[in-house]
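Asker: Below is the file query-v2.txt, with compact mmCIF, C-alpha atoms.
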```txt
# COMPACT_ATOMS: atom_id res chain seq x y z
CA MET O 1 0.00 0.00 0.00
CA TRP O 2 1.50 3.30 -1.02
CA ILE O 3 1.43 6.13 1.47
CA CYS O 4 3.08 9.45 0.75
CA LYS O 5 3.95 11.44 3.87
CA ASP O 6 6.31 14.40 3.88
CA VAL O 7 8.35 13.69 0.74
CA CYS O 8 5.68 14.12 -1.93
CA GLN O 9 3.58 17.22 -2.41
CA SER O 10 0.05 16.65 -1.22
CA PHE O 11 -2.69 16.46 -3.82
CA LYS O 12 -6.19 17.05 -2.50
CA LEU O 13 -9.05 15.74 -4.58
CA LEU O 14 -11.82 18.34 -4.74
CA GLY O 15 -9.70 20.38 -2.36
CA PHE O 16 -10.19 18.25 0.73
CA LEU O 17 -9.23 14.60 0.29
CA ASP O 18 -5.47 14.11 0.47
CA VAL O 19 -5.25 10.94 -1.64
CA GLN O 20 -1.53 10.58 -1.09
CA SER O 21 -1.44 10.40 2.69
CA VAL O 22 -4.76 8.66 3.41
CA PRO O 23 -4.33 4.86 3.23
CA CYS O 24 -6.51 3.21 0.55
CA ALA O 25 -7.70 6.57 -0.87
CA ARG O 26 -5.51 6.58 -3.98
CA GLU O 27 -6.40 3.01 -4.91
CA SER O 28 -10.11 3.66 -4.26
CA VAL O 29 -10.18 6.67 -6.56
CA LEU O 30 -8.20 4.88 -9.27
CA TYR O 31 -10.33 1.75 -9.15
CA GLY O 32 -13.41 3.97 -9.05
CA SER O 33 -12.28 5.73 -12.21
CA LEU O 34 -11.62 2.39 -13.88
CA GLY O 35 -15.00 1.08 -12.81
CA SER O 36 -16.67 4.23 -14.07
CA LEU O 37 -14.99 3.86 -17.45
CA VAL O 38 -15.88 0.20 -17.76
CA VAL O 39 -19.52 0.60 -16.74
CA GLY O 40 -20.09 3.80 -18.70
CA LEU O 41 -18.39 2.61 -21.85
CA GLY O 42 -19.97 -0.82 -21.63
CA HIS O 43 -23.45 0.65 -21.26
CA PHE O 44 -22.86 3.00 -24.19
CA LEU O 45 -21.58 0.20 -26.40
CA ALA O 46 -24.61 -1.87 -25.49
CA THR O 47 -27.31 0.80 -25.77
CA SER O 48 -25.78 3.81 -27.61
CA ARG O 49 -27.50 6.12 -25.13
CA VAL O 50 -25.10 8.85 -24.07
CA ARG O 51 -27.01 10.44 -21.26
CA ARG O 52 -27.92 7.21 -19.54
CA SER O 53 -24.35 5.92 -19.98
CA CYS O 54 -23.03 8.99 -18.20
CA ASP O 55 -25.42 8.31 -15.34
CA PHE O 56 -24.18 4.76 -15.15
CA ALA O 57 -20.59 5.95 -15.29
CA VAL O 58 -21.05 8.24 -12.29
CA GLY O 59 -22.92 5.53 -10.42
CA GLY O 60 -20.19 3.06 -11.27
CA PHE O 61 -17.53 5.45 -10.02
CA ILE O 62 -19.25 5.95 -6.68
CA CYS O 63 -20.07 2.28 -6.15
CA THR O 64 -16.63 0.99 -7.19
CA MET O 65 -14.83 3.64 -5.16
CA LEU O 66 -16.82 3.03 -2.01
CA GLY O 67 -16.78 -0.73 -2.52
CA TYR O 68 -13.00 -0.87 -2.80
CA TRP O 69 -12.67 1.60 0.07
CA PHE O 70 -14.58 -0.64 2.49
CA TYR O 71 -12.71 -3.73 1.31
CA CYS O 72 -9.31 -2.03 1.67
CA ARG O 73 -10.08 -0.49 5.09
CA TYR O 74 -11.34 -3.84 6.37
CA ASN O 75 -8.08 -5.50 5.28
CA LEU O 76 -6.10 -2.64 6.80
CA ALA O 77 -7.92 -3.01 10.12
CA GLN O 78 -7.24 -6.75 10.14
CA GLN O 79 -3.57 -6.09 9.36
CA ARG O 80 -3.34 -3.63 12.25
CA ILE O 81 -4.86 -6.15 14.63
CA ARG O 82 -2.36 -8.79 13.48
CA GLN O 83 0.48 -6.29 13.94
CA ARG O 84 -0.64 -5.54 17.48
CA MET O 85 -0.92 -9.24 18.32
CA LEU O 86 2.53 -9.86 16.84
CA LYS O 87 4.03 -6.97 18.78
CA GLU O 88 2.49 -8.16 22.02
CA GLY O 89 3.54 -11.73 21.35
CA MET O 90 7.13 -10.68 20.70
CA ARG O 91 7.18 -8.58 23.85
CA ASN O 92 5.73 -11.38 25.95
CA LYS O 93 8.21 -13.86 24.52
CA ILE O 94 11.12 -11.63 25.48
CA LEU O 95 9.67 -10.89 28.91
CA PHE O 96 8.72 -14.40 29.90
CA GLU O 97 11.33 -16.51 28.11
CA GLY O 98 12.74 -19.11 30.47
CA SER O 99 10.35 -18.22 33.29
CA SER O 100 7.43 -20.23 34.60
CA LEU O 101 5.06 -18.06 32.55
CA ASP O 102 6.74 -18.94 29.25
CA PRO O 103 3.94 -20.36 27.06
CA GLU O 104 6.42 -22.41 25.00
CA ARG O 105 7.67 -24.03 28.17
CA LYS O 106 4.12 -24.96 29.17
CA GLN O 107 3.49 -26.43 25.72
CA THR O 108 6.68 -28.50 25.87
CA GLY O 109 5.75 -29.64 29.36
CA ASN O 110 2.32 -30.80 28.12
CA GLU O 111 3.86 -32.73 25.25
CA ARG O 112 6.20 -34.50 27.62
CA SER O 113 3.41 -35.42 29.99
CA ASP O 114 1.26 -36.71 27.07
CA SER O 115 4.03 -38.97 25.87
CA MET D 1 3.25 19.35 17.78
CA ALA D 2 1.82 20.96 14.69
CA ASN D 3 4.08 22.28 11.92
CA HIS D 4 3.57 25.74 10.50
CA SER D 5 0.58 25.92 8.14
CA GLN D 6 -0.46 22.39 9.12
CA PHE D 7 -4.05 21.75 8.14
CA GLY D 8 -4.55 18.11 9.06
CA PHE D 9 -4.34 16.15 12.28
CA GLN D 10 -1.11 15.61 14.14
CA ASP D 11 0.23 12.05 14.13
CA ALA D 12 -1.87 9.89 16.42
CA SER D 13 -0.18 8.86 19.66
CA SER D 14 -3.02 7.00 21.30
CA PRO D 15 -5.38 4.25 20.11
CA ILE D 16 -8.39 6.58 20.34
CA MET D 17 -6.72 9.20 18.16
CA GLU D 18 -5.86 6.52 15.61
CA GLU D 19 -9.53 5.55 15.49
CA LEU D 20 -10.55 9.19 15.14
CA VAL D 21 -8.16 9.73 12.25
CA GLU D 22 -9.48 6.60 10.53
CA PHE D 23 -13.05 7.76 10.99
CA HIS D 24 -12.13 11.16 9.60
CA ASP D 25 -10.66 9.51 6.49
CA HIS D 26 -13.83 7.41 6.14
CA ALA D 27 -16.05 10.49 6.48
CA LEU D 28 -14.01 12.34 3.86
CA MET D 29 -14.37 9.44 1.43
CA VAL D 30 -18.15 9.47 1.90
CA ALA D 31 -18.07 13.25 1.43
CA LEU D 32 -16.11 12.78 -1.81
CA ALA D 33 -18.74 10.37 -3.13
CA ILE D 34 -21.54 12.79 -2.27
CA CYS D 35 -19.70 15.76 -3.77
CA SER D 36 -19.06 13.82 -6.99
CA LEU D 37 -22.76 13.01 -7.28
CA VAL D 38 -23.82 16.58 -6.54
CA LEU D 39 -21.30 17.97 -9.02
CA TYR D 40 -22.58 15.64 -11.72
CA LEU D 41 -26.23 16.52 -11.04
CA LEU D 42 -25.35 20.22 -11.04
CA THR D 43 -23.64 19.86 -14.42
CA LEU D 44 -26.69 18.04 -15.79
CA MET D 45 -29.07 20.71 -14.53
CA LEU D 46 -26.96 23.47 -16.04
CA MET D 47 -26.99 21.76 -19.44
CA GLU D 48 -30.74 21.05 -19.48
CA LYS D 49 -33.49 23.40 -20.55
CA LEU D 50 -35.78 24.45 -17.73
CA SER D 51 -39.13 22.67 -17.77
CA SER D 52 -42.02 22.03 -15.45
CA ASN D 53 -43.08 18.77 -17.00
CA THR D 54 -42.50 16.69 -13.91
CA VAL D 55 -45.77 15.36 -12.58
CA ASP D 56 -44.97 12.06 -10.97
CA ALA D 57 -41.78 12.11 -8.89
CA GLN D 58 -42.18 9.00 -6.80
CA GLU D 59 -39.02 7.27 -7.99
CA VAL D 60 -36.74 10.22 -7.42
CA GLU D 61 -38.34 10.91 -4.03
CA LEU D 62 -37.68 7.30 -3.03
CA ILE D 63 -34.05 7.63 -4.11
CA TRP D 64 -33.44 10.88 -2.28
CA THR D 65 -34.93 9.44 0.89
CA ILE D 66 -33.12 6.12 0.91
CA LEU D 67 -29.68 7.36 -0.19
CA PRO D 68 -29.30 9.94 2.60
CA ALA D 69 -30.48 7.32 5.10
CA ILE D 70 -27.73 4.97 3.88
CA VAL D 71 -25.18 7.76 4.10
CA LEU D 72 -26.23 8.55 7.65
CA ILE D 73 -25.91 4.91 8.65
CA LEU D 74 -22.45 4.72 7.06
CA LEU D 75 -21.35 7.67 9.16
CA ALA D 76 -23.28 7.04 12.36
CA LEU D 77 -22.18 3.45 13.03
CA PRO D 78 -18.42 4.02 13.23
CA SER D 79 -19.00 7.35 14.94
CA LEU D 80 -21.03 5.79 17.73
CA GLN D 81 -18.53 2.98 18.06
CA ILE D 82 -15.74 5.48 18.69
CA LEU D 83 -17.92 7.56 20.99
CA TYR D 84 -18.55 4.59 23.27
CA MET D 85 -14.92 3.55 23.00
CA MET D 86 -13.89 6.98 24.28
CA ASP D 87 -16.15 6.56 27.31
CA GLU D 88 -14.56 3.30 28.40
CA ILE D 89 -12.45 3.73 31.47
CA ASP D 90 -11.42 0.36 32.81
CA GLU D 91 -9.03 0.27 35.73
CA PRO D 92 -6.55 3.03 35.03
CA ASP D 93 -3.02 2.48 36.28
CA LEU D 94 -2.66 6.10 37.31
CA THR D 95 -5.04 8.90 38.17
CA LEU D 96 -3.92 12.48 38.09
CA LYS D 97 -5.64 15.78 38.44
CA ALA D 98 -5.16 18.79 36.17
CA ILE D 99 -6.31 22.13 37.55
CA GLY D 100 -6.51 25.19 35.35
CA HIS D 101 -5.55 28.55 36.74
CA GLN D 102 -5.03 31.94 35.21
CA TRP D 103 -2.65 31.32 33.50
CA TYR D 104 -0.95 28.02 34.22
CA TRP D 105 -1.82 24.42 34.92
CA SER D 106 -1.18 22.56 38.15
CA TYR D 107 -1.06 18.80 38.42
CA GLU D 108 -1.66 16.50 41.36
CA TYR D 109 -0.51 12.89 41.46
CA THR D 110 -2.36 11.86 44.59
CA ASP D 111 -1.69 8.18 43.86
CA LEU D 112 1.96 8.87 44.55
CA LYS D 113 2.33 10.42 48.01
CA ASP D 114 0.76 13.79 47.15
CA LEU D 115 3.03 14.86 44.37
CA THR D 116 1.87 18.27 43.11
CA PHE D 117 3.49 20.88 40.92
CA ASP D 118 2.67 23.87 38.75
CA SER D 119 3.36 24.00 35.05
CA TYR D 120 4.17 27.43 33.63
CA MET D 121 5.04 28.26 30.08
CA ILE D 122 8.71 29.06 29.53
CA PRO D 123 8.86 32.66 28.25
CA THR D 124 10.42 33.14 24.83
CA ALA D 125 13.33 35.12 26.27
CA GLU D 126 14.31 32.20 28.52
CA LEU D 127 13.78 29.46 25.96
CA PRO D 128 16.85 27.33 25.22
CA PRO D 129 17.82 27.10 21.53
CA GLY D 130 15.89 24.50 19.60
CA HIS D 131 12.90 24.46 21.92
CA PHE D 132 9.39 25.32 20.81
CA ARG D 133 8.11 28.83 21.34
CA LEU D 134 4.88 29.16 23.37
CA LEU D 135 4.76 25.39 23.87
CA GLU D 136 7.46 24.47 26.35
CA VAL D 137 6.79 24.38 30.09
CA ASP D 138 8.97 24.25 33.13
CA HIS D 139 7.39 21.06 34.53
CA ARG D 140 5.94 18.48 32.18
CA VAL D 141 3.22 15.98 32.95
CA VAL D 142 5.10 12.68 33.00
CA VAL D 143 3.09 9.53 32.48
CA PRO D 144 4.07 5.89 31.96
CA MET D 145 3.68 4.74 28.38
CA GLU D 146 1.17 2.09 27.26
CA SER D 147 -0.73 2.40 30.55
CA PRO D 148 -4.30 3.63 30.93
CA ILE D 149 -4.17 7.04 32.57
CA ARG D 150 -7.20 8.73 34.06
CA ILE D 151 -7.08 12.48 34.25
CA ILE D 152 -9.53 14.56 36.26
CA VAL D 153 -9.78 18.09 34.99
CA THR D 154 -11.06 21.08 36.88
CA ALA D 155 -10.37 24.77 37.23
CA ASP D 156 -9.69 27.18 39.99
CA ASP D 157 -11.08 30.40 38.62
CA VAL D 158 -12.52 30.59 35.09
CA LEU D 159 -13.19 28.08 32.34
CA HIS D 160 -10.17 26.40 30.77
CA SER D 161 -9.77 23.31 28.63
CA TRP D 162 -7.09 20.64 28.83
CA ALA D 163 -6.30 19.53 25.30
CA VAL D 164 -3.57 17.40 23.73
CA PRO D 165 -4.43 16.87 20.04
CA SER D 166 -2.10 13.97 19.32
CA LEU D 167 -3.62 11.98 22.19
CA GLY D 168 -7.17 12.83 21.12
CA VAL D 169 -7.96 14.46 24.43
CA LYS D 170 -9.85 17.67 25.06
CA THR D 171 -11.70 18.17 28.32
CA ASP D 172 -13.23 21.33 29.70
CA ALA D 173 -11.97 22.57 33.04
CA ILE D 174 -14.94 24.02 34.87
CA PRO D 175 -14.69 25.56 38.35
CA GLY D 176 -16.55 23.46 40.90
CA ARG D 177 -16.83 20.45 38.59
CA LEU D 178 -14.64 17.41 38.01
CA ASN D 179 -14.49 16.14 34.45
CA GLN D 180 -12.90 12.79 33.81
CA THR D 181 -11.12 11.52 30.73
CA SER D 182 -8.61 8.80 30.02
CA PHE D 183 -5.96 8.00 27.48
CA ILE D 184 -3.19 5.53 26.70
CA THR D 185 0.02 6.75 25.10
CA ALA D 186 1.00 4.25 22.45
CA ARG D 187 4.67 5.19 22.41
CA PRO D 188 7.22 7.21 24.39
CA GLY D 189 7.49 10.84 23.43
CA ILE D 190 6.55 14.42 24.19
CA PHE D 191 3.08 15.60 23.26
CA TYR D 192 2.06 19.23 23.19
CA GLY D 193 -1.26 20.90 23.70
CA GLN D 194 -2.67 24.29 24.55
CA CYS D 195 -5.50 25.65 26.65
CA SER D 196 -8.64 25.43 24.51
CA GLU D 197 -11.13 27.67 26.27
CA ILE D 198 -10.78 31.42 26.32
CA CYS D 199 -9.72 32.37 29.81
CA GLY D 200 -8.32 35.85 29.75
CA ALA D 201 -5.35 37.83 28.54
CA ASN D 202 -2.82 34.98 28.64
CA HIS D 203 -5.07 32.23 27.35
CA SER D 204 -2.60 31.49 24.55
CA TYR D 205 0.28 31.21 26.98
CA MET D 206 -0.61 28.24 29.15
CA PRO D 207 0.46 25.18 27.21
CA ILE D 208 0.32 21.52 28.20
CA VAL D 209 3.19 19.12 27.71
CA VAL D 210 2.74 15.41 28.32
CA GLU D 211 5.90 13.32 28.47
CA SER D 212 5.38 9.60 28.04
CA THR D 213 8.21 7.44 29.35
CA PRO D 214 8.82 3.79 30.19
CA LEU D 215 7.59 2.81 33.64
CA ALA D 216 11.05 2.61 35.19
CA HIS D 217 11.81 6.20 34.15
CA PHE D 218 8.44 7.34 35.42
CA GLU D 219 9.10 5.75 38.80
CA SER D 220 12.49 7.40 39.12
CA TRP D 221 11.00 10.76 38.10
CA SER D 222 8.23 10.50 40.68
CA THR D 223 10.67 9.47 43.39
CA LEU D 224 12.93 12.40 42.54
CA LEU D 225 10.09 14.90 42.60
CA SER D 226 8.51 13.52 45.75
CA SER D 227 11.77 13.85 47.62
```
Now that the file is in, can you turn its structure into structure tokens?
Answerer:
Amino acid sequence: MWICKDVCQSFKLLGFLDVQSVPCARESVLYGSLGSLVVGLGHFLATSRVRRSCDFAVGGFICTMLGYWFYCRYNLAQQRIRQRMLKEGMRNKILFEGSSLDPERKQTGNERSDS
Amino acid sequence: MANHSQFGFQDASSPIMEELVEFHDHALMVALAICSLVLYLLTLMLMEKLSSNTVDAQEVELIWTILPAIVLILLALPSLQILYMMDEIDEPDLTLKAIGHQWYWSYEYTDLKDLTFDSYMIPTAELPPGHFRLLEVDHRVVVPMESPIRIIVTADDVLHSWAVPSLGVKTDAIPGRLNQTSFITARPGIFYGQCSEICGANHSYMPIVVESTPLAHFESWSTLLSS
């Protein structure tokens, strides 16, 4: 996922959405544009109606953009949760390694008692 | 702290602030979708001839009732989730009191043998090189990192407000009332804030500085100050 912080100049879509620093924003807008093109062009090729095709193009843009946005943010949230669990796991491993609270030691102890 | 001409949020230093920044991004994306639609409809209207032929508008009335309802749901659900998350205060490790005065803050760590101190802004003339003008104080609020901290805010004279943007905290200090808020600092560092309720001539000159340190450092600091 590409995030531009201080190095790149910020580009704000419609003057308020900084697509470069907001995670998932750039991809959402790009996929939205692609979806808009596909839906609008496809409808025009099928029906030859310009006005209605434009309506479909705008609708396609909004739906594709929001759809990808929710999908990307959901994945990002899951990734953050995994990162937190990993961080806590690493910290606990360092803290408790070799002590009675070491989970690996408990697991090894269980295996020995099972055998 | 904020850079000059900064328009957006400061980097989040607490889980609540991270959630708030994410919600803000989500709200802006919804706003972009709405603005795109409105811009398109505006363009259409400007290109059409005016007519009063519309008699039956049931379909469009259905659309412009259901769509705003969907938009409101998209915004309200995460907003309420964060609102209730902000109200959770479960077993803080430390409770401290922040009292607003004209024009300084005083802090009381009554958990730790009645440790109290005042926090005055360092005047520009006395500021060491490289320090931040109008933001540095003589005594910082030191808290242990990654621990839930409860802060009780009140005031001694007039209304003040204890605010630290990067922690997502802003609580009014009202004389005769105790307001409670809590936060967890996600990482060690120094976080700046300023009084956020007009309180007189020097309202702009009573900053707040929270220093988040590992627990061992916090303990040695509190021992040093108590003695």
Asker: Could you please select, counting only C-alpha atoms, the residues of chain D within 12 Å of chain O and state them as a PyMOL selection string?
Answerer: chain D and resi 3+6-9+11+15+18-19+21-41+43-44+47-48+71+74+146+186
Asker: Select, from D:Val137, D:Ile174, D:Val143, D:Leu225, the residue with the minimum atom-to-atom distance to D:Thr116, counting only C-alpha atoms.
Answerer: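 For D:Thr116, the nearest of the candidates is D:Leu225.
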Asker: Between atom CA of O:Gly67 and atom CA of D:Ser79, what is the distance, to one decimal in Å?
Answerer: 19.4 Å
Asker: Distance atom CA of D:Tyr104-atom CA of D:Met121, one decimal place?
Answerer: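 For atom CA of D:Tyr104 relative to atom CA of D:Met121, the distance reads 7.3 Å.
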Asker: So the first atom is atom CA of D:Thr185 and the second is atom CA of D:Met145; what is the distance between them in Å, to one decimal place?
Answerer: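 Between atom CA of D:Thr185 and atom CA of D:Met145 the gap is 5.3 Å.
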Asker: Given all atoms listed in the file as the basis, pick out the residue of D:Val60, D:Leu77, D:Ile82, D:Cys199 nearest to D:Gly168.
Answerer: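 Ranked by minimum distance to D:Gly168, first place goes to D:Ile82.
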Asker: Which residue is closest to D:Phe117? Choose from D:Ile99, D:Arg133, D:Glu211, D:Asp90 and count all atoms listed in the file.
Answerer: D:Ile99
Asker: Please identify all polymer residues within 10 Å of D:Pro214, counting only C-alpha atoms, omitting same-chain residues fewer than 3 positions from it, and present them as a ChimeraX atom specification.
Answerer: /D:143-147,187-189,217-219
